[in-house]
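Trainee: Got entry.cif for you, mmCIF, C-alpha atoms:
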data_entry
loop_
_atom_site.group_PDB
_atom_site.id
_atom_site.type_symbol
_atom_site.label_atom_id
_atom_site.label_comp_id
_atom_site.auth_asym_id
_atom_site.auth_seq_id
_atom_site.Cartn_x
_atom_site.Cartn_y
_atom_site.Cartn_z
ATOM 1 C CA MET A 115 136.679 -63.825 -2.280
ATOM 2 C CA LYS A 116 135.507 -66.858 -4.258
ATOM 3 C CA LYS A 117 138.928 -68.449 -3.875
ATOM 4 C CA ILE A 118 138.759 -68.011 -0.083
ATOM 5 C CA ILE A 119 135.297 -69.588 0.053
ATOM 6 C CA ILE A 120 136.409 -72.492 -2.121
ATOM 7 C CA LEU A 121 139.490 -72.969 0.075
ATOM 8 C CA LEU A 122 137.366 -73.030 3.254
ATOM 9 C CA PHE A 123 134.985 -75.608 1.777
ATOM 10 C CA SER A 124 137.956 -77.687 0.639
ATOM 11 C CA LEU A 125 139.507 -77.619 4.107
ATOM 12 C CA PHE A 126 136.178 -78.536 5.679
ATOM 13 C CA GLY A 127 135.799 -81.430 3.259
ATOM 14 C CA ILE A 128 139.325 -82.684 3.979
ATOM 15 C CA CYS A 129 138.720 -82.526 7.756
ATOM 16 C CA SER A 130 135.448 -84.435 7.389
ATOM 17 C CA ILE A 131 137.093 -87.098 5.234
ATOM 18 C CA ASN A 132 140.001 -87.436 7.657
ATOM 19 C CA ALA A 133 137.662 -87.759 10.645
ATOM 20 C CA GLN A 134 135.590 -90.401 8.862
ATOM 21 C CA SER A 135 138.783 -92.158 7.844
ATOM 22 C CA VAL A 136 139.823 -92.394 11.501
ATOM 23 C CA VAL A 137 136.434 -93.861 12.437
ATOM 24 C CA ASP A 138 136.680 -96.378 9.595
ATOM 25 C CA GLN A 139 140.155 -97.374 10.765
ATOM 26 C CA ALA A 140 138.817 -97.772 14.301
ATOM 27 C CA ASN A 141 135.930 -99.926 13.065
ATOM 28 C CA ASN A 142 138.349 -102.103 11.094
ATOM 29 C CA ALA A 143 140.627 -102.472 14.110
ATOM 30 C CA TYR A 144 137.621 -103.440 16.264
ATOM 31 C CA SER A 145 136.444 -105.990 13.700
ATOM 32 C CA SER A 146 139.918 -107.548 13.573
ATOM 33 C CA GLY A 147 140.086 -107.795 17.382
ATOM 34 C CA ASP A 148 142.748 -105.116 17.879
ATOM 35 C CA TYR A 149 140.809 -103.390 20.646
ATOM 36 C CA GLU A 150 143.696 -101.324 22.013
ATOM 37 C CA LYS A 151 144.227 -99.719 18.613
ATOM 38 C CA ALA A 152 140.481 -99.291 18.094
ATOM 39 C CA ALA A 153 140.084 -97.493 21.431
ATOM 40 C CA GLN A 154 142.885 -95.064 20.608
ATOM 41 C CA LEU A 155 141.468 -94.363 17.142
ATOM 42 C CA TYR A 156 137.957 -93.750 18.498
ATOM 43 C CA LYS A 157 139.432 -91.269 20.994
ATOM 44 C CA ASP A 158 141.365 -89.612 18.169
ATOM 45 C CA ALA A 159 138.149 -89.279 16.170
ATOM 46 C CA ILE A 160 136.421 -87.567 19.120
ATOM 47 C CA ASN A 161 139.375 -85.202 19.607
ATOM 48 C CA GLN A 162 139.401 -84.311 15.915
ATOM 49 C CA ASN A 163 135.699 -84.086 15.148
ATOM 50 C CA GLY A 164 134.006 -83.463 18.511
ATOM 51 C CA GLU A 165 131.660 -85.614 20.548
ATOM 52 C CA SER A 166 129.558 -88.241 18.822
ATOM 53 C CA ALA A 167 127.048 -90.613 20.377
ATOM 54 C CA THR A 168 127.938 -93.325 17.855
ATOM 55 C CA VAL A 169 131.678 -93.052 18.456
ATOM 56 C CA TYR A 170 131.198 -93.056 22.234
ATOM 57 C CA TYR A 171 129.001 -96.137 21.893
ATOM 58 C CA ASN A 172 131.678 -97.914 19.838
ATOM 59 C CA LEU A 173 134.336 -96.796 22.315
ATOM 60 C CA GLY A 174 132.266 -98.236 25.158
ATOM 61 C CA ASN A 175 132.010 -101.567 23.336
ATOM 62 C CA THR A 176 135.767 -101.536 22.788
ATOM 63 C CA TYR A 177 136.562 -100.884 26.443
ATOM 64 C CA TYR A 178 134.108 -103.592 27.458
ATOM 65 C CA ARG A 179 135.991 -106.037 25.226
ATOM 66 C CA LEU A 180 139.206 -104.960 26.975
ATOM 67 C CA ASN A 181 137.481 -105.597 30.335
ATOM 68 C CA GLN A 182 138.023 -101.952 31.296
ATOM 69 C CA ILE A 183 134.658 -101.472 32.935
ATOM 70 C CA ALA A 184 134.982 -97.899 34.248
ATOM 71 C CA PRO A 185 135.970 -96.432 30.825
ATOM 72 C CA ALA A 186 133.243 -98.535 29.177
ATOM 73 C CA ILE A 187 130.560 -97.186 31.531
ATOM 74 C CA LEU A 188 131.876 -93.641 31.086
ATOM 75 C CA SER A 189 131.685 -93.954 27.290
ATOM 76 C CA TYR A 190 128.152 -95.375 27.369
ATOM 77 C CA GLU A 191 127.027 -92.607 29.735
ATOM 78 C CA ARG A 192 128.491 -89.947 27.440
ATOM 79 C CA ALA A 193 126.762 -91.564 24.467
ATOM 80 C CA LEU A 194 123.436 -91.413 26.335
ATOM 81 C CA LEU A 195 123.938 -87.728 27.093
ATOM 82 C CA LEU A 196 124.008 -87.087 23.352
ATOM 83 C CA ASP A 197 121.432 -89.714 22.366
ATOM 84 C CA PRO A 198 119.363 -90.635 25.455
ATOM 85 C CA GLY A 199 116.821 -92.635 23.464
ATOM 86 C CA ASN A 200 119.308 -95.186 22.118
ATOM 87 C CA LYS A 201 118.156 -98.559 23.440
ATOM 88 C CA ASP A 202 121.341 -100.405 22.439
ATOM 89 C CA THR A 203 123.515 -98.003 24.439
ATOM 90 C CA ARG A 204 121.246 -98.223 27.467
ATOM 91 C CA PHE A 205 121.195 -102.031 27.276
ATOM 92 C CA ASN A 206 124.986 -102.285 26.981
ATOM 93 C CA LEU A 207 125.376 -99.864 29.887
ATOM 94 C CA GLU A 208 123.264 -102.121 32.097
ATOM 95 C CA ILE A 209 125.340 -105.128 31.025
ATOM 96 C CA ALA A 210 128.555 -103.276 31.925
ATOM 97 C CA LYS A 211 127.133 -102.295 35.316
ATOM 98 C CA LEU A 212 126.676 -105.979 36.142
ATOM 99 C CA LYS A 213 130.475 -106.222 36.349
ATOM 100 C CA THR A 214 130.796 -103.472 38.960
ATOM 101 C CA VAL A 215 131.308 -104.302 42.634
ATOM 102 C CA ASP A 216 128.968 -101.719 44.162
ATOM 103 C CA LYS A 217 125.300 -102.644 43.840
ATOM 104 C CA ILE A 218 123.726 -99.412 45.038
ATOM 105 C CA GLU A 219 119.953 -99.195 45.125
ATOM 106 C CA PRO A 220 118.787 -95.661 44.267
ATOM 107 C CA VAL A 221 116.512 -93.755 46.605
ATOM 108 C CA GLY A 222 112.908 -94.374 45.646
ATOM 109 C CA THR A 223 111.193 -91.685 43.581
ATOM 110 C CA PHE A 224 107.534 -90.913 43.018
ATOM 111 C CA PHE A 225 106.272 -93.115 40.171
ATOM 112 C CA LEU A 226 105.074 -90.123 38.144
ATOM 113 C CA THR A 227 108.508 -88.462 38.379
ATOM 114 C CA GLU A 228 110.152 -91.688 37.269
ATOM 115 C CA TRP A 229 107.720 -92.000 34.361
ATOM 116 C CA LEU A 230 108.390 -88.416 33.244
ATOM 117 C CA ASN A 231 112.144 -89.000 33.430
ATOM 118 C CA ASP A 232 111.806 -92.104 31.269
ATOM 119 C CA LEU A 233 109.689 -90.141 28.797
ATOM 120 C CA ARG A 234 112.215 -87.284 28.711
ATOM 121 C CA ASN A 235 115.039 -89.706 27.990
ATOM 122 C CA LEU A 236 113.344 -90.971 24.848
ATOM 123 C CA ARG A 237 114.644 -87.977 22.874
ATOM 124 C CA SER A 238 117.652 -85.674 22.757
ATOM 125 C CA THR A 239 117.632 -81.899 23.276
ATOM 126 C CA ASP A 240 117.394 -81.181 19.548
ATOM 127 C CA GLN A 241 114.648 -83.726 18.983
ATOM 128 C CA TRP A 242 112.485 -82.302 21.788
ATOM 129 C CA SER A 243 113.110 -78.813 20.388
ATOM 130 C CA TYR A 244 111.923 -79.874 16.927
ATOM 131 C CA ILE A 245 108.783 -81.430 18.424
ATOM 132 C CA ALA A 246 108.148 -78.231 20.415
ATOM 133 C CA ILE A 247 108.451 -76.075 17.281
ATOM 134 C CA ALA A 248 106.189 -78.380 15.272
ATOM 135 C CA SER A 249 103.627 -78.399 18.095
ATOM 136 C CA PHE A 250 103.656 -74.608 18.261
ATOM 137 C CA ILE A 251 103.042 -74.332 14.504
ATOM 138 C CA LEU A 252 100.127 -76.766 14.767
ATOM 139 C CA LEU A 253 98.823 -74.777 17.744
ATOM 140 C CA ILE A 254 98.703 -71.628 15.614
ATOM 141 C CA THR A 255 96.767 -73.592 12.986
ATOM 142 C CA CYS A 256 94.278 -74.785 15.613
ATOM 143 C CA LEU A 257 93.801 -71.242 16.895
ATOM 144 C CA PHE A 258 93.125 -70.090 13.357
ATOM 145 C CA LEU A 259 90.456 -72.794 12.995
ATOM 146 C CA PHE A 260 88.859 -71.867 16.308
ATOM 147 C CA PHE A 261 88.651 -68.121 15.694
ATOM 148 C CA PHE A 262 87.966 -67.966 11.969
ATOM 149 C CA SER A 263 86.144 -71.151 11.014
ATOM 150 C CA ARG A 264 82.379 -70.871 10.585
ATOM 151 C CA LYS A 265 81.731 -74.549 11.203
ATOM 152 C CA ILE A 266 81.100 -75.640 14.795
ATOM 153 C CA THR A 267 82.824 -78.964 14.202
ATOM 154 C CA LEU A 268 86.036 -77.280 13.065
ATOM 155 C CA LYS A 269 85.865 -74.867 15.998
ATOM 156 C CA LYS A 270 85.638 -77.799 18.415
ATOM 157 C CA ILE A 271 88.526 -79.577 16.693
ATOM 158 C CA GLY A 272 90.599 -76.419 16.854
ATOM 159 C CA PHE A 273 89.747 -75.797 20.513
ATOM 160 C CA PHE A 274 90.426 -79.270 21.922
ATOM 161 C CA SER A 275 93.438 -79.906 19.674
ATOM 162 C CA GLY A 276 94.804 -76.542 20.753
ATOM 163 C CA LEU A 277 94.507 -77.487 24.421
ATOM 164 C CA ALA A 278 96.369 -80.738 23.795
ATOM 165 C CA LEU A 279 99.070 -78.941 21.825
ATOM 166 C CA ILE A 280 99.562 -76.376 24.604
ATOM 167 C CA VAL A 281 100.311 -79.245 27.005
ATOM 168 C CA ILE A 282 102.668 -80.845 24.470
ATOM 169 C CA CYS A 283 104.464 -77.520 23.913
ATOM 170 C CA ILE A 284 104.983 -77.052 27.652
ATOM 171 C CA PHE A 285 106.317 -80.555 28.253
ATOM 172 C CA THR A 286 108.561 -80.672 25.185
ATOM 173 C CA ASN A 287 110.132 -77.329 26.087
ATOM 174 C CA VAL A 288 110.712 -78.498 29.662
ATOM 175 C CA PHE A 289 112.218 -81.770 28.402
ATOM 176 C CA ALA A 290 114.473 -79.920 25.954
ATOM 177 C CA TYR A 291 115.631 -77.573 28.714
ATOM 178 C CA ASN A 292 116.366 -80.445 31.111
ATOM 179 C CA GLN A 293 118.307 -82.397 28.491
ATOM 180 C CA LYS A 294 120.295 -79.275 27.598
ATOM 181 C CA LYS A 295 121.027 -78.716 31.280
ATOM 182 C CA LYS A 296 122.375 -82.260 31.618
ATOM 183 C CA LEU A 297 124.658 -81.654 28.640
ATOM 184 C CA THR A 298 126.048 -78.347 29.868
ATOM 185 C CA GLU A 299 126.341 -78.898 33.624
ATOM 186 C CA ARG A 300 127.925 -82.370 33.555
ATOM 187 C CA ASN A 301 127.673 -82.868 37.325
ATOM 188 C CA THR A 302 127.854 -86.667 37.332
ATOM 189 C CA ALA A 303 131.007 -88.774 37.287
ATOM 190 C CA ILE A 304 132.356 -92.325 37.205
ATOM 191 C CA ILE A 305 134.841 -93.615 39.770
ATOM 192 C CA PHE A 306 138.044 -94.849 38.109
ATOM 193 C CA SER A 307 140.007 -96.068 41.142
ATOM 194 C CA ALA A 308 139.798 -99.808 41.734
ATOM 195 C CA THR A 309 138.950 -99.083 45.379
ATOM 196 C CA THR A 310 138.626 -95.729 47.117
ATOM 197 C CA THR A 311 137.686 -94.642 50.633
ATOM 198 C CA ILE A 312 135.159 -91.829 50.882
ATOM 199 C CA LYS A 313 136.048 -89.284 53.568
ATOM 200 C CA SER A 314 133.917 -87.111 55.839
ATOM 201 C CA SER A 315 135.940 -84.003 54.914
ATOM 202 C CA PRO A 316 138.216 -82.903 52.035
ATOM 203 C CA ASP A 317 141.342 -84.095 53.799
ATOM 204 C CA ASN A 318 143.279 -87.330 54.242
ATOM 205 C CA SER A 319 142.714 -87.079 57.994
ATOM 206 C CA GLY A 320 138.938 -87.099 57.545
ATOM 207 C CA THR A 321 136.880 -89.968 58.936
ATOM 208 C CA ASP A 322 136.459 -92.982 56.654
ATOM 209 C CA LEU A 323 132.769 -93.166 55.751
ATOM 210 C CA PHE A 324 132.441 -95.939 53.181
ATOM 211 C CA ILE A 325 134.267 -97.579 50.280
ATOM 212 C CA LEU A 326 133.415 -97.372 46.577
ATOM 213 C CA HIS A 327 134.841 -99.201 43.580
ATOM 214 C CA GLU A 328 135.497 -98.477 39.916
ATOM 215 C CA GLY A 329 132.554 -98.019 37.597
ATOM 216 C CA THR A 330 130.217 -96.546 40.222
ATOM 217 C CA LYS A 331 128.295 -93.465 39.124
ATOM 218 C CA VAL A 332 128.085 -90.529 41.535
ATOM 219 C CA ASP A 333 126.758 -86.968 41.565
ATOM 220 C CA VAL A 334 129.372 -84.251 42.053
ATOM 221 C CA LYS A 335 127.983 -81.739 44.543
ATOM 222 C CA SER A 336 130.966 -79.382 44.927
ATOM 223 C CA LYS A 337 134.751 -79.128 44.656
ATOM 224 C CA LEU A 338 137.406 -77.871 47.067
ATOM 225 C CA GLY A 339 141.024 -77.939 46.001
ATOM 226 C CA GLU A 340 141.952 -81.481 44.985
ATOM 227 C CA TRP A 341 138.770 -82.920 46.480
ATOM 228 C CA SER A 342 135.193 -83.364 45.236
ATOM 229 C CA GLU A 343 132.082 -83.825 47.338
ATOM 230 C CA ILE A 344 130.001 -86.658 45.904
ATOM 231 C CA GLU A 345 126.621 -88.274 46.515
ATOM 232 C CA THR A 346 125.758 -91.860 45.651
ATOM 233 C CA ALA A 347 122.429 -93.000 44.252
ATOM 234 C CA ASP A 348 121.282 -94.120 47.709
ATOM 235 C CA GLY A 349 121.955 -90.675 49.232
ATOM 236 C CA ASN A 350 125.328 -91.218 50.934
ATOM 237 C CA ILE A 351 127.573 -88.138 50.790
ATOM 238 C CA GLY A 352 131.323 -87.787 51.251
ATOM 239 C CA TRP A 353 134.584 -86.507 49.788
ATOM 240 C CA ILE A 354 136.855 -88.135 47.204
ATOM 241 C CA ARG A 355 140.032 -87.049 45.443
ATOM 242 C CA THR A 356 139.056 -85.440 42.143
ATOM 243 C CA LYS A 357 141.730 -87.393 40.277
ATOM 244 C CA GLU A 358 139.898 -90.621 41.155
ATOM 245 C CA ILE A 359 136.771 -89.719 39.186
ATOM 246 C CA GLU A 360 136.032 -88.808 35.574
ATOM 247 C CA VAL A 361 133.179 -86.398 34.842
ATOM 248 C CA ILE A 362 130.647 -87.698 32.344
#
Taking this structure as input, can you express it in the form of structure tokens?
Mentor:
Amino acid sequence: MKKIIILLFSLFGICSINAQSVVDQANNAYSSGDYEKAAQLYKDAINQNGESATVYYNLGNTYYRLNQIAPAILSYERALLLDPGNKDTRFNLEIAKLKTVDKIEPVGTFFLTEWLNDLRNLRSTDQWSYIAIASFILLITCLFLFFFSRKITLKKIGFFSGLALIVICIFTNVFAYNQKKKLTERNTAIIFSATTTIKSSPDNSGTDLFILHEGTKVDVKSKLGEWSEIETADGNIGWIRTKEIEVI
């Protein structure tokens, strides 16, 4: 039994070393200006060791250097799914978007909703979960102070702190749930075709509605055969061939 356990740990260690070795090779290739090789190695690292916000960020930088804007935007978006609070990734994403053709203004949202979304994106699912757990533990402590302390001052501290912590617990759990939902549903995509015509129906004979270009982000509403129904940030809806988009 001990030999089996030792063997498993050894295999795990070898896999970890190999994965890190691939990332190191990719970083070296990037530093030397061999961006094609770096991009392939970063993708190999993801295939071997799973998704990583850091590797996706580096992959996005590599594609940007290669002037492949759609893959760069896709990589940055995937990095933000895993680490939404990373300011460098968000900044580089905005820089990459400047090179896209479509300048779509999103439909206006209520300022409070926008503020809550920005607040939610400061942390990942795990980070919000940790804050929620810590808040709940502190809430129990505050309840203990309120019910069992003999001093009025401590009772007041326990009561008002408890109220604040209840609000924090609610919001952090909601934020964690929303971030988890974004990770699991993956209902947004990036257009990879240089130019594509959006149709009114999932068929080549459908009416031409509007044209989109590579790098544009869309919401995927539904799928039918080889077609996907999409919605742009400004609310326009139509059908596109699924092979022309890449889900984030």
Trainee: Which one of A:Tyr178, A:Tyr190, A:Phe260, A:Phe289 sits closest to Leu277 of chain A if you count all atoms listed in the file?
Mentor: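 Looking at the shortest contact to Leu277 of chain A, the residue is A:Phe260.
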Trainee: Mind telling me what the PyMOL selection byres ((chain A and resi 326) around 6) catches here, as a PDB file with C-alpha atoms, keeping the file's coordinate frame?
Mentor:
ATOM      1  CA  THR A 309     138.950 -99.083  45.379  1.00  0.00           C
ATOM      2  CA  THR A 310     138.626 -95.729  47.117  1.00  0.00           C
ATOM      3  CA  ILE A 325     134.267 -97.579  50.280  1.00  0.00           C
ATOM      4  CA  HIS A 327     134.841 -99.201  43.580  1.00  0.00           C
TER       5      HIS A 327
END
Trainee: Find the spatial neighbours of Ala248 of chain A, counting all atoms listed in the file, within a cut-off of 12 Å - ignore same-chain residues fewer than 5 positions away - and output them as JSON, numbers by chain.
Mentor: {"A": [241, 242, 243, 253, 254, 255, 279, 280, 282, 283, 286, 287]}
Trainee: With 5 Å on each side, where is the centre of the axis-aligned box around all listed atoms of segment 214-222 of chain A, and how long are its edges in Å to one decimal, as lines of an AutoDock Vina configuration file?
Mentor:
center_x = 122.1
center_y = -99.0
center_z = 42.8
size_x = 28.4
size_y = 20.5
size_z = 17.6
Trainee: List the neighbours of Val332 of chain A out to 6 Å using only C-alpha atoms; skip same-chain residues closer than 2 positions along the sequence, and give me the result as a list of chain:residue names.
Mentor: A:Thr302, A:Ala303, A:Glu345, A:Thr346
Trainee: I'd like to see the residues matched by the PyMOL selection byres ((chain A and resi 271) around 12) on this file, and ideally I'd get them as a ChimeraX atom specification.
Mentor: /A:253,255-261,263,265-270,272-279
Trainee: Write out, as a tab-separated table (two decimals), in the frame of the given file, the residues just selected, with C-alpha atoms.
Mentor:
chain	number	residue	atom	x	y	z
A	253	LEU	CA	98.82	-74.78	17.74
A	255	THR	CA	96.77	-73.59	12.99
A	256	CYS	CA	94.28	-74.78	15.61
A	257	LEU	CA	93.80	-71.24	16.90
A	258	PHE	CA	93.12	-70.09	13.36
A	259	LEU	CA	90.46	-72.79	13.00
A	260	PHE	CA	88.86	-71.87	16.31
A	261	PHE	CA	88.65	-68.12	15.69
A	263	SER	CA	86.14	-71.15	11.01
A	265	LYS	CA	81.73	-74.55	11.20
A	266	ILE	CA	81.10	-75.64	14.80
A	267	THR	CA	82.82	-78.96	14.20
A	268	LEU	CA	86.04	-77.28	13.06
A	269	LYS	CA	85.86	-74.87	16.00
A	270	LYS	CA	85.64	-77.80	18.42
A	272	GLY	CA	90.60	-76.42	16.85
A	273	PHE	CA	89.75	-75.80	20.51
A	274	PHE	CA	90.43	-79.27	21.92
A	275	SER	CA	93.44	-79.91	19.67
A	276	GLY	CA	94.80	-76.54	20.75
A	277	LEU	CA	94.51	-77.49	24.42
A	278	ALA	CA	96.37	-80.74	23.80
A	279	LEU	CA	99.07	-78.94	21.82
Trainee: Quick one: residues within 6 Å of segment 229-238 of chain A, only C-alpha atoms counted, chain neighbours fewer than 5 positions away excluded, as a PDB file with C-alpha atoms, in the frame of the given file?
Mentor:
ATOM      1  CA  ASP A 197     121.432 -89.714  22.366  1.00  0.00           C
ATOM      2  CA  PRO A 198     119.363 -90.635  25.455  1.00  0.00           C
ATOM      3  CA  GLY A 199     116.821 -92.635  23.464  1.00  0.00           C
ATOM      4  CA  PHE A 289     112.218 -81.770  28.402  1.00  0.00           C
TER       5      PHE A 289
END
Trainee: Find the residue from A:Ala184, A:Ile344, A:Ala193, A:Ile245 that sits nearest to Ser314 of chain A; use all atoms listed in the file when measuring.
Mentor: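 Comparing A:Ala184, A:Ile344, A:Ala193, A:Ile245 against Ser314 of chain A, the winner is A:Ile344.
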Trainee: Interatomic distance between atom CA of Leu196 of chain A and atom CA of Tyr244 of chain A?
Mentor: 15.5 Å
Trainee: Name the closest residue to Thr298 of chain A among the candidates A:Asn350, A:Asn161, A:Thr356, A:Thr239; distances are taken between atoms, counting only C-alpha atoms.
Mentor: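 Using only C-alpha atoms, Thr298 of chain A sits closest to A:Thr239.
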Trainee: What is the atom CA of Ser315 of chain A-atom CA of Gln182 of chain A distance in Å, reported with one decimal?
Mentor: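 Pair atom CA of Ser315 of chain A / atom CA of Gln182 of chain A returns 29.7 Å.
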Trainee: Which is closer to Gly339 of chain A than all the others in A:Leu212, A:Trp353, A:Arg264, A:Pro316, using only C-alpha atoms?
Mentor: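 Looking only at the distances to Gly339 of chain A, the closest residue turns out to be A:Pro316.
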Trainee: Measure the distance from atom CA of Ile187 of chain A to atom CA of Lys211 of chain A in Å and round it to one decimal.
Mentor: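 So the answer is 7.2 Å.
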Trainee: From the options A:Glu219, A:Glu191, A:Asp317, A:Glu150, which residue's atoms come nearest to Leu207 of chain A, counting only C-alpha atoms?
Mentor: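 Nearest to Leu207 of chain A: A:Glu191.
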Trainee: Name all residues at most 10 Å from segment 135-142 of chain A (count all atoms listed in the file; drop same-chain ones fewer than 5 positions away) and give them as an NGL selection string.
Mentor: :A and (129-130 or 147-160 or 162-163 or 169 or 172-173 or 176)
Trainee: Evaluate the PyMOL selection byres ((chain A and resi 216) around 7) on the structure here and hand back the selected residues as a list in words.
Mentor: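 Those residues are Thr214, Val215, Lys217, Ile218, Leu326, His327 and Thr330 of chain A.
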